[in-house]
Amino acid sequence: MQIFDLFDFTGEAYDLKCRPFAPKGAPAGAMVCEVAPGSVSRIHNHAEAEAFLVLEGAGHVTDGTERRPIAAGQGVLFPPFVNHVIENADPDKPLRMISIYWMGDLAADDAAAKAGAPRDTLVFSTPPTPNGDLHLGHLSGPYLAADVLRRALAQRGAAALHVTGRDDNQTYVLLKASREGSTPTDVADRFAQAIRGTLAAADIPLDGFIEPDRDGLYAAFVADLVARLSANGFVEARRAPVLVDDAGRVVHEAYVRGSCPHCGEGADGNACEACGRPIACTELRDPVVTLTGAPARVGEAQRLFFLMSKLGPRLDVAVKETRMSARAYVCAQSVLDDGAPDIPITQPTGWGLPAPVAGFEDQVLYVWFEMAAGYLYGAARALDPQADTVPALWEAARRAFSGDREIVHCYGFDNTWYHTLLFPAVYAALDMGLVAPRTHVVNELLDLDGSKFSTSRNHLIWGRDLLAEAPADAVRYGLCRARPQGVRANFRLDAFLADANALFADVLPGWFAALGGLLAPHGGVVPEPGAWLGDHEAYLARIRGFVATCERALSPQSYDAREAADAIATFVADSRRFCEAQAALGLGGAQANYARTAAAAGCLGLAAFAILADPIMPDLAGRIRAALGVENDPAAALRFLPSGRAVDPARIALPGAIAAPRVAAGLAARRAAAAA
């Protein structure tokens with residue numbers, strides 16, 4: 001027997017005093033906790049289920065979706081992985097409770113979570129800057145990720161939409177026009193058309209496309225958003241330091257370059273591509289004017305500022321409730337650790353949306369602040385194409401961002417701080433009940449032959465060039481295999497061609513031929529399964545594993561297209577080996593029963609491939625499903641084809657060998673020019 005003092009607090013957890021008391025090796029942990037008067041626990045979640053049993057005091061508990069009162073004599077249960085908080089509103093008395101937590105069956109929890117149909121989902125890919133076409137680094141990131149995710153969700157019955165747009169008002173468009181001797185409007189129009197053509201060639205259809213007009217409905221909507229923020233006290237005029245060139249003109253974003261004050265890498269006057277953090281231009285080390293190379297000097301200008309600093313605690317909660325990569329979380333949290341910044345949202349330059357505030361008509365809105373409105377506008381137009389007034393747009397935007405629909409942001413790491421902090425801050429400041437997107441699919445940089453894709457150095461492969469010489473399915477598959485998921489990745493043309501040809505010109509034809517051989521003794525029709533050997537059971541387990549892997553990897557909560565593409569490659573190779581091995585079975589006596597099972601299982605594997613591979617290689621997957629007579633439904637991936645159905649794998653056309661000689665020649669010429 002051991003008697004101990006419940007309130008002899010010996011530790012701290014999640015900002016609460018605590019006293020653990022569960023014996024070592026117990027199946028559950030237990031501790032007494034105290035929430036100090038007027039304080040709140042840190043928001044968190046974990047793999048364990050947890051119960052709070054309140055001993056003294058009263059307060060509120062929140063589980064991420066609802067907030068409810070709780071008092072002494074009551075308890076609350078939190079399932080695994082649910083964010084939760086307990087708060088004590090009493091200014092004088094502590095709230096004391098017992099916490100009990102235990103690890104459940106994670107596999108069962110996961111199965112229960114997947115039991116329901118996926119939610120209707122709006123998938124955003126960051127609108128590309130129309131100062132150039134899309135190269136493979138761009139395609140491998142937000143655009144292919146969003147399309148693969150949209151297709152996977154649609155397979156499972158969700159109403160899934162993919163929205164992107166054209167980010168015309170970036171200073172990079174103006175810089176491109178200056179260097180070309182063109183106009184920014186001409187540059188934006190020309191490259192926006194090229195971008196849409198490249199997306200179409202990659203088999204990436206769009207359900208919505210944001211076009212930022214300067215004097216139409218889009219501009220009116222953005223102006224109304226600024227007015228609402230001003231009325232709520234989140235916009236103010238300030239005179240603050242800026243960088244200027246020798247003529248006294250303000251230089252910012254693409255027009256100034258220096259070193260990041262946070263990590264030391266090269267950066268422009270906006271945000272650091274390496275560490276992702278925002279940069280006030282005057283924070284740059286050794287800043288120079290991009291067009292002249294002359295040092296930039298410090299001046300002063302009156303601009304409008306958005307007061308993010310008022311929202312620090314709310315943003316801290318938002319970051320912890322958002323699914324994102326480790327690097328993205330570190331980036332967002334590091335900004336908050338230094339204090340949410342107030343940011344200038346207007347600049348005295350001539351390209352962009354004019355600031356809709358009296359006295360600032362000669363300035364334009366900061367393009368990334370504008371993007372917060374752009375996403376609301378894009379969602380509203382995608383869900384209600386008939387919305388043709390500002391009030392109708394707001395109503396549609398409220399529905400889109402109500403929390404009932406899942407919204408997923410797909411973007412590159414260098415866009416992290418905008419998506420994790422700036423946009424949620426704008427939505428919170430509007431005070432309209434908008435729920436910021438909680439699921440972010442973030443990619444790192446894709447290198448080419450070991451170094452960064454670079455337009456200025458002509459070190460790249462344009463998407464349209466490779467798509468002209470290789471089928472979209474092969475390019476999509478190769479880019480998913482090379483996707484910079486969580487860490488930087490590398491693309492090599494020779495490795496891409498070898499991998500694509502191994503799949504499309506070797507393994508798939510071999511599988512189809514072996515399966516055709518299993519079906520031939522049955523007259524080319526699917527037989528009923530018969531007796532099962534151990535390797536039949538093992539192959540069925542591989543099919544089940546393949547289905548489970550793809551469903552997990554292509555869900556918003558655990559998106560990893562690279563894992564899904566790798567699973568496709570492994571499964572196709574396993575399926576070929578299985579079908580080739582089953583050729584040893586004869587048709588006489590007891591072997592005939594096993595041969596039937598081999599042929600039926602081989603067809604089941606092909607159907608599973610045609611369904612699960614669809615989000616990544618939709619053209620080939622669709623042709624296989626048509627040949628098998630199966631629907632595009634993941635539930636059918638574990639359903640044997642009806643016996644008696646005619647199947648002839650030899651009639652399914654495959655891409656064959658891929659060479660891409662023009663792309664290879666272009667790369668070689670650029671390497672030679674760089675070496676010279």
# chains A, B, ... in the order shown; residues from 1 in each chain; ligands from 1
$ closest_atom_pairs --of "region 73-140 of chain A" --to "region 446-461 of chain A" --cutoff "8 Å" --atoms "only C-alpha atoms" --output "Markdown table"
| residue | atom | partner | partner_atom | distance |
| --- | --- | --- | --- | --- |
| A:His135 | CA | A:Ile461 | CA | 5.7 |
| A:Leu136 | CA | A:Ile461 | CA | 6.0 |
| A:Gly137 | CA | A:Leu446 | CA | 5.3 |
| A:Ser140 | CA | A:Leu446 | CA | 7.6 |
$ write_last_selection --atoms "N, CA and C atoms" --output "tab-separated table (two decimals), in the first residue's frame"
chain	number	residue	atom	x	y	z
A	135	HIS	N	7.74	24.55	-65.69
A	135	HIS	CA	8.74	23.51	-65.90
A	135	HIS	C	8.40	22.31	-65.02
A	136	LEU	N	9.21	21.26	-65.10
A	136	LEU	CA	8.88	20.03	-64.37
A	136	LEU	C	8.88	20.24	-62.86
A	137	GLY	N	9.70	21.16	-62.37
A	137	GLY	CA	9.69	21.44	-60.95
A	137	GLY	C	8.35	21.98	-60.49
A	140	SER	N	5.63	19.04	-60.75
A	140	SER	CA	5.77	18.00	-59.73
A	140	SER	C	5.23	18.45	-58.39
$ select_by_dssp --residues "region 144-206 of chain A" --states "strand (DSSP E)" --output "VMD selection string"
chain A and resid 160 to 165
$ closest_atom_pairs --of "region 454-551 of chain A" --to "region 595-603 of chain A" --cutoff "7 Å" --atoms "only C-alpha atoms" --output "tab-separated table"
residue	atom	partner	partner_atom	distance
A:Leu515	CA	A:Gly602	CA	6.3
A:Leu518	CA	A:Ala599	CA	5.3
A:Leu519	CA	A:Ala599	CA	5.9
A:Val526	CA	A:Ala600	CA	6.0
A:Pro527	CA	A:Arg596	CA	5.7
A:Glu528	CA	A:Arg596	CA	6.3
A:Pro529	CA	A:Thr597	CA	4.0
A:Gly530	CA	A:Thr597	CA	5.0
A:Ala531	CA	A:Thr597	CA	6.4
A:Trp532	CA	A:Thr597	CA	6.5
A:His536	CA	A:Ala598	CA	6.7
$ write_last_selection --atoms "N, CA, C and O atoms" --output "JSON list (two decimals), in the first residue's frame"
[["chain", "number", "residue", "atom", "x", "y", "z"],
["A", 515, "LEU", "N", -0.85, -12.97, -67.79],
["A", 515, "LEU", "CA", -2.26, -13.10, -67.42],
["A", 515, "LEU", "C", -3.06, -13.68, -68.59],
["A", 515, "LEU", "O", -3.95, -14.53, -68.40],
["A", 518, "LEU", "N", -2.76, -17.31, -68.52],
["A", 518, "LEU", "CA", -3.60, -17.98, -67.52],
["A", 518, "LEU", "C", -5.05, -18.05, -67.96],
["A", 518, "LEU", "O", -5.77, -19.00, -67.61],
["A", 519, "LEU", "N", -5.51, -17.07, -68.73],
["A", 519, "LEU", "CA", -6.90, -17.04, -69.18],
["A", 519, "LEU", "C", -7.14, -17.92, -70.41],
["A", 519, "LEU", "O", -8.27, -18.37, -70.64],
["A", 526, "VAL", "N", -13.03, -15.01, -67.64],
["A", 526, "VAL", "CA", -12.65, -15.11, -66.22],
["A", 526, "VAL", "C", -13.34, -16.32, -65.60],
["A", 526, "VAL", "O", -14.57, -16.43, -65.68],
["A", 527, "PRO", "N", -12.58, -17.23, -64.99],
["A", 527, "PRO", "CA", -13.21, -18.38, -64.32],
["A", 527, "PRO", "C", -13.58, -18.03, -62.88],
["A", 527, "PRO", "O", -13.14, -17.02, -62.33],
["A", 528, "GLU", "N", -14.39, -18.87, -62.28],
["A", 528, "GLU", "CA", -14.65, -18.74, -60.84],
["A", 528, "GLU", "C", -13.41, -19.18, -60.07],
["A", 528, "GLU", "O", -12.72, -20.10, -60.50],
["A", 529, "PRO", "N", -13.11, -18.55, -58.95],
["A", 529, "PRO", "CA", -11.99, -19.05, -58.15],
["A", 529, "PRO", "C", -12.28, -20.47, -57.68],
["A", 529, "PRO", "O", -13.44, -20.84, -57.45],
["A", 530, "GLY", "N", -11.24, -21.24, -57.56],
["A", 530, "GLY", "CA", -11.39, -22.61, -57.08],
["A", 530, "GLY", "C", -10.66, -22.80, -55.76],
["A", 530, "GLY", "O", -10.88, -22.05, -54.81],
["A", 531, "ALA", "N", -9.78, -23.79, -55.72],
["A", 531, "ALA", "CA", -9.00, -24.04, -54.51],
["A", 531, "ALA", "C", -7.86, -23.03, -54.40],
["A", 531, "ALA", "O", -7.39, -22.49, -55.41],
["A", 532, "TRP", "N", -7.41, -22.78, -53.18],
["A", 532, "TRP", "CA", -6.39, -21.75, -52.93],
["A", 532, "TRP", "C", -5.10, -22.37, -52.43],
["A", 532, "TRP", "O", -5.10, -23.16, -51.48],
["A", 536, "HIS", "N", -1.54, -18.00, -53.59],
["A", 536, "HIS", "CA", -2.76, -17.26, -53.93],
["A", 536, "HIS", "C", -3.19, -16.38, -52.76],
["A", 536, "HIS", "O", -3.57, -15.23, -52.94]]
$ select_by_dssp --residues "region 104-236 of chain A" --states "helix (DSSP H, G or I)" --output "ChimeraX atom specification"
/A:106-114,136-155,171-180,184-201,217-231
$ residues_around --residues "Leu479 (chain A)" --least-positions-apart "2" --cutoff "10 Å" --atoms "only C-alpha atoms" --output "list in words"
Leu136, Gly137, Leu139, Ser140, Gly141, Leu144, Ala145, Leu446, Asp473, Ala474, Val475, Arg476, Tyr477, Arg481, Ala482, Arg483, Pro484, Phe491, Phe496, Ala561, Arg562, Ala565 and Ile616 of chain A
$ write_last_selection --atoms "C-alpha atoms" --output "PDB file, in the first residue's frame"
ATOM      1  CA  LEU A 136       8.882  20.034 -64.374  1.00  0.00           C
ATOM      2  CA  GLY A 137       9.691  21.445 -60.949  1.00  0.00           C
ATOM      3  CA  LEU A 139       4.380  20.419 -62.311  1.00  0.00           C
ATOM      4  CA  SER A 140       5.766  17.995 -59.731  1.00  0.00           C
ATOM      5  CA  GLY A 141       4.574  20.288 -56.951  1.00  0.00           C
ATOM      6  CA  LEU A 144      -0.037  17.449 -60.119  1.00  0.00           C
ATOM      7  CA  ALA A 145      -0.559  16.946 -56.375  1.00  0.00           C
ATOM      8  CA  LEU A 446      12.732  19.451 -57.155  1.00  0.00           C
ATOM      9  CA  ASP A 473       0.593   9.115 -67.885  1.00  0.00           C
ATOM     10  CA  ALA A 474       4.342   8.462 -68.022  1.00  0.00           C
ATOM     11  CA  VAL A 475       5.207  12.042 -67.073  1.00  0.00           C
ATOM     12  CA  ARG A 476       2.694  12.041 -64.224  1.00  0.00           C
ATOM     13  CA  TYR A 477       4.010   8.703 -62.941  1.00  0.00           C
ATOM     14  CA  ARG A 481       8.015   8.997 -58.201  1.00  0.00           C
ATOM     15  CA  ALA A 482      10.369  11.991 -57.996  1.00  0.00           C
ATOM     16  CA  ARG A 483       8.024  14.190 -55.924  1.00  0.00           C
ATOM     17  CA  PRO A 484       9.920  16.214 -53.290  1.00  0.00           C
ATOM     18  CA  PHE A 491      14.992  14.602 -61.338  1.00  0.00           C
ATOM     19  CA  PHE A 496      12.946   8.989 -65.651  1.00  0.00           C
ATOM     20  CA  ALA A 561       1.783  10.638 -54.139  1.00  0.00           C
ATOM     21  CA  ARG A 562       5.346   9.370 -54.097  1.00  0.00           C
ATOM     22  CA  ALA A 565       3.550   5.699 -57.250  1.00  0.00           C
ATOM     23  CA  ILE A 616      -1.768   9.031 -61.260  1.00  0.00           C
TER      24      ILE A 616
END
$ closest_residue --among "A:Tyr143, A:Phe234, A:Trp394, A:Phe191" --to "Gly412 (chain A)" --atoms "only C-alpha atoms"
A:Tyr143
$ residues_around --residues "Gly352 (chain A)" --least-positions-apart "3" --cutoff "9 Å" --atoms "only C-alpha atoms" --output "list in words"
Asp168, Asn169, Gln170, Thr171, Arg214, Thr349, Ala355, Gln363, Val364, Leu365, Tyr366 and Val367 of chain A
$ atom_distance --atom1 "CA of Ala301 (chain A)" --atom2 "CA of Val242 (chain A)"
6.4 Å
